[in-house]
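Visitor: Once you've had a glance at the structure underneath, I'll fire off some questions.
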Amino acid sequence: MMETARSSPAAARATPSVRHLPVSLFGAVMSVAGLALAWRLAGKTYGTGDAVPNALGVAALALFAVLAPCYLAKLLRHPELVKQEFAHPVSGSFFGTVGISVLLLSSVIGGYSAPAQLVVWSVGAAATLALSAVMVSRLLNGDAAPASVVPAWLIAGVGSLDIVVTGGALPAGWTHEVNLLAAAVGGGSALVFFVLIFSRLVHQAPLAAPMRPSKMILVAPFAVGFIAYVNLVRRVDMFAALLFYFALFLFVIVACRLAARPAPFSPAWWAIGFPLAALSNAALMYAGAVGGAGLQWIAALLLSLLTAAVLVLAVRTLWDLAAGRLLTA
């Protein structure tokens, strides 16, 4: 009886529950949707067809259709945990992944219905801008601990840039002004946050092992910024080229460091997916505009790395879910 009593608390703690569902897991939706958009662009460049991007788009929509109700269940059953997660200086930033997921899914949906795309994009844009305002306002309260300045802070800024990435080609007149607003908010905040985060990484203690994959988010402002800028000006110019090459430069540095010191697998590894997806899309756009075998090779290599990364992350996540490790404390 005493042995049973001792083992019961451990068994209870090991029971999977939505109370342990991290909002950061919406990064998986971003990664799969970004992969779908990259393969859609690759289809135009390499003639690979629509089967792969269509399948990936359906997978991204299905993943969101599973995660959104599950996180809503967490909100309804454990509102205090969601409140703590949102108020946390690190995990709170990952709520931006929900709005970005909606924005990216609007582009996926755009391949089937333009009116539906506009509706979904509008919802995602409103949510993303609202969250950006909340996050910036929260930071202006002061007293932020140096250790809380992490790459995840960039999600608020990059999220606004994703409004332009996914809505730059929308025909409605009012969307252009929304895109300009989003570009101003996203570009300005991403620049400020990048400087703060880079300074923290240089002058403070190294990130904890589970947070090391989030360093890949440093690539996102420049890769996403490239796509947003090109969508606004409708051309690839020298400034766009500078954004692309700096994103590529940062990617090589961060990827090498992660390969040299890999962190244990956790849902935090999904933080590498969307920045790599943004860089892959940017590379395909840049290679298509500039041409040249070297750029085409870089774009193909990045697309291959992105595909492999998302596949590995998906298999590991499903394996942990089946083993009962994903949704346990």
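Residue names in the structure tokens use chain letters A, B, ... in the order shown, residue numbers from 1 in each chain, and ligand numbers from 1 in the order shown.
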Could you give me, as a list in words, the residues within 7 Å of A:Ile197, counting only C-alpha atoms and dropping anything in the same chain fewer than 2 positions from it?

Guide: Val149, Val150, Pro151, Phe193, Phe194, Val195, Ser199, Arg200 and Leu201 of chain A

Visitor: I'd like the neighbourhood of A:Leu311 as a VMD selection string, where a residue qualifies if any of its atoms comes within 12 Å (using only C-alpha atoms), though same-chain residues fewer than 5 positions away should be ignored.

Guide: chain A and resid 28 31 to 32 35 56 270 273 304 to 306 316 to 318

Visitor: Deliver the residues from the most recent selection as a file, using N, CA and C atoms, as a CSV table (one decimal), in the first residue's frame.

Guide:
```csv
chain,number,residue,atom,x,y,z
A,28,ALA,N,5.0,25.1,-34.8
A,28,ALA,CA,4.9,24.0,-35.8
A,28,ALA,C,4.0,24.3,-36.9
A,31,SER,N,5.9,26.6,-39.2
A,31,SER,CA,6.9,25.9,-39.9
A,31,SER,C,6.3,25.1,-41.1
A,32,VAL,N,5.2,24.4,-40.9
A,32,VAL,CA,4.6,23.6,-41.9
A,32,VAL,C,4.0,24.5,-43.0
A,35,LEU,N,6.7,26.0,-45.0
A,35,LEU,CA,7.3,25.0,-45.9
A,35,LEU,C,6.3,24.8,-47.1
A,56,LEU,N,1.1,19.8,-48.0
A,56,LEU,CA,1.6,20.5,-46.8
A,56,LEU,C,0.6,21.6,-46.3
A,270,TRP,N,11.0,23.8,-32.5
A,270,TRP,CA,10.2,24.3,-33.6
A,270,TRP,C,10.6,25.8,-33.9
A,273,GLY,N,12.1,26.3,-37.3
A,273,GLY,CA,11.4,26.0,-38.5
A,273,GLY,C,11.0,27.3,-39.3
A,304,SER,N,15.8,22.2,-49.3
A,304,SER,CA,16.1,20.8,-48.8
A,304,SER,C,16.3,20.7,-47.3
A,305,LEU,N,17.1,21.7,-46.8
A,305,LEU,CA,17.3,21.7,-45.3
A,305,LEU,C,16.0,22.0,-44.6
A,306,LEU,N,15.2,22.9,-45.1
A,306,LEU,CA,13.9,23.2,-44.5
A,306,LEU,C,13.0,22.0,-44.4
A,316,ARG,N,9.9,13.6,-34.4
A,316,ARG,CA,10.2,13.6,-33.0
A,316,ARG,C,9.1,14.1,-32.1
A,317,THR,N,8.3,15.0,-32.6
A,317,THR,CA,7.2,15.5,-31.8
A,317,THR,C,6.1,14.5,-31.7
A,318,LEU,N,5.8,13.8,-32.8
A,318,LEU,CA,4.8,12.7,-32.8
A,318,LEU,C,5.2,11.6,-31.9
```

Visitor: My list of candidates is A:Leu295, A:Leu284, A:Ala277, A:Leu61. Which is closest to A:Ala308 when distances are computed with only C-alpha atoms?

Guide: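 Smallest separation from A:Ala308 among the options: A:Ala277.
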
Visitor: I want to know what sits within 12 Å of A:Ile253, based on only C-alpha atoms, with residues of the same chain fewer than 4 positions away left out; could you give that as a list in words?

Guide: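 Result of the neighbour search: Lys215, Met216, Leu218, Val219, Phe246, Ala247, Leu248, Phe249, Arg257, Leu258, Ala259 and Ala260 of chain A.
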
Visitor: Output the selection as a compact mmCIF listing (two decimals), in the first residue's frame - N, CA and C atoms for each residue.

Guide:
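Wrote it out as result.txt, contents follow:
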```
# COMPACT_ATOMS: atom_id res chain seq x y z
N LYS A 215 17.73 30.85 -30.93
CA LYS A 215 18.65 31.80 -31.57
C LYS A 215 18.39 31.93 -33.07
N MET A 216 17.80 30.89 -33.66
CA MET A 216 17.50 30.95 -35.09
C MET A 216 16.50 32.06 -35.41
N LEU A 218 16.80 34.99 -34.72
CA LEU A 218 17.56 36.17 -35.12
C LEU A 218 17.59 36.34 -36.64
N VAL A 219 17.42 35.24 -37.36
CA VAL A 219 17.42 35.30 -38.83
C VAL A 219 16.13 35.92 -39.36
N PHE A 246 22.38 39.29 -45.33
CA PHE A 246 22.64 39.29 -43.89
C PHE A 246 21.86 38.17 -43.21
N ALA A 247 20.64 37.91 -43.68
CA ALA A 247 19.88 36.77 -43.14
C ALA A 247 20.62 35.47 -43.39
N LEU A 248 21.17 35.31 -44.59
CA LEU A 248 21.93 34.11 -44.93
C LEU A 248 23.18 33.99 -44.06
N PHE A 249 23.86 35.12 -43.83
CA PHE A 249 25.06 35.16 -42.99
C PHE A 249 24.74 34.71 -41.57
N ARG A 257 26.49 26.85 -34.84
CA ARG A 257 26.54 26.80 -33.38
C ARG A 257 25.56 25.77 -32.82
N LEU A 258 24.39 25.68 -33.41
CA LEU A 258 23.42 24.68 -32.96
C LEU A 258 23.89 23.27 -33.27
N ALA A 259 24.55 23.11 -34.41
CA ALA A 259 25.08 21.79 -34.76
C ALA A 259 26.22 21.38 -33.83
N ALA A 260 27.02 22.36 -33.41
CA ALA A 260 28.15 22.07 -32.53
C ALA A 260 27.70 21.76 -31.11
```

Visitor: Give me, as a tab-separated table, the closest atom pair and its distance (Å, one decimal) for every residue of stretch 32-116 of chain A within a cut-off of 10 Å of stretch 127-140 of chain A, counting only C-alpha atoms, rows sorted by chain and rising number.

Guide:
```
residue	atom	partner	partner_atom	distance
A:Ala87	CA	A:Arg138	CA	9.3
A:Pro89	CA	A:Leu139	CA	9.0
A:Gly92	CA	A:Met135	CA	8.4
A:Ser93	CA	A:Met135	CA	7.4
A:Phe95	CA	A:Leu131	CA	8.0
A:Gly96	CA	A:Thr128	CA	6.5
A:Thr97	CA	A:Thr128	CA	8.9
A:Val98	CA	A:Thr128	CA	8.4
A:Gly99	CA	A:Thr128	CA	5.1
A:Ile100	CA	A:Thr128	CA	6.9
A:Ser101	CA	A:Thr128	CA	10.0
A:Val102	CA	A:Ala127	CA	9.1
A:Leu103	CA	A:Thr128	CA	8.7
```

Visitor: Using atom CA of A:Ile217 and atom CA of A:Ala271 as the two end points, give the distance in Å to one decimal.

Guide: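 Between atom CA of A:Ile217 and atom CA of A:Ala271 the gap is 6.7 Å.
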
Visitor: I need the residue nearest A:Pro221 from this list: A:Leu154, A:Leu301, A:Leu181, A:Met238. Use only C-alpha atoms for the distance.

Guide: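 Among the listed residues, A:Leu154 lies closest to A:Pro221.
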
Visitor: Considering only C-alpha atoms, tabulate each residue of stretch 9-47 of chain A that lies at most 8 Å from stretch 67-83 of chain A along with its nearest interatomic pair and the corresponding distance in Å to one decimal; arrange the rows by chain and ascending residue number and present them as CSV.

Guide:
```
residue,atom,partner,partner_atom,distance
A:Val18,CA,A:Lys74,CA,5.5
A:Arg19,CA,A:Lys74,CA,5.6
A:Leu21,CA,A:Tyr71,CA,6.9
A:Val23,CA,A:Tyr71,CA,7.4
A:Phe26,CA,A:Leu67,CA,7.3
```

Visitor: Go ahead and write the residues just picked, C-alpha atoms, as a CSV table (one decimal), in the first residue's frame.

Guide:
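To be explicit, this is the file written out as part_19.csv:
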```
chain,number,residue,atom,x,y,z
A,18,VAL,CA,-3.7,20.1,-22.1
A,19,ARG,CA,-2.5,22.0,-19.0
A,21,LEU,CA,0.4,22.3,-23.9
A,23,VAL,CA,1.7,28.0,-26.8
A,26,PHE,CA,2.0,26.9,-32.7
```

Visitor: Would you compute the distance between atom CA of A:Pro213 and atom CA of A:Ala147? Give it in Å to one decimal.

Guide: 16.2 Å

Visitor: Select from stretch 248-317 of chain A every residue with an atom at most 12 Å from any atom of stretch 160-168 of chain A, then for each give the shortest pair of atoms and their distance in Å to one decimal, using only C-alpha atoms, rows by chain and rising number, as a Markdown table.

Guide:
```
| residue | atom | partner | partner_atom | distance |
| --- | --- | --- | --- | --- |
| A:Phe274 | CA | A:Asp162 | CA | 11.2 |
| A:Pro275 | CA | A:Asp162 | CA | 11.6 |
| A:Ala278 | CA | A:Val165 | CA | 9.6 |
| A:Asn281 | CA | A:Val165 | CA | 10.5 |
| A:Ala282 | CA | A:Val165 | CA | 10.5 |
```

Visitor: Rounded to one decimal place, report the atom CA of A:Arg234-atom CA of A:Pro53 distance in Å.

Guide: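 Pair atom CA of A:Arg234 / atom CA of A:Pro53 returns 23.9 Å.
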
Visitor: DSSP on the backbone, alpha helix (DSSP H) only: what residues of stretch 124-217 of chain A does that give? Format it as a PyMOL selection string.

Guide: chain A and resi 124-139+154-167+173-203
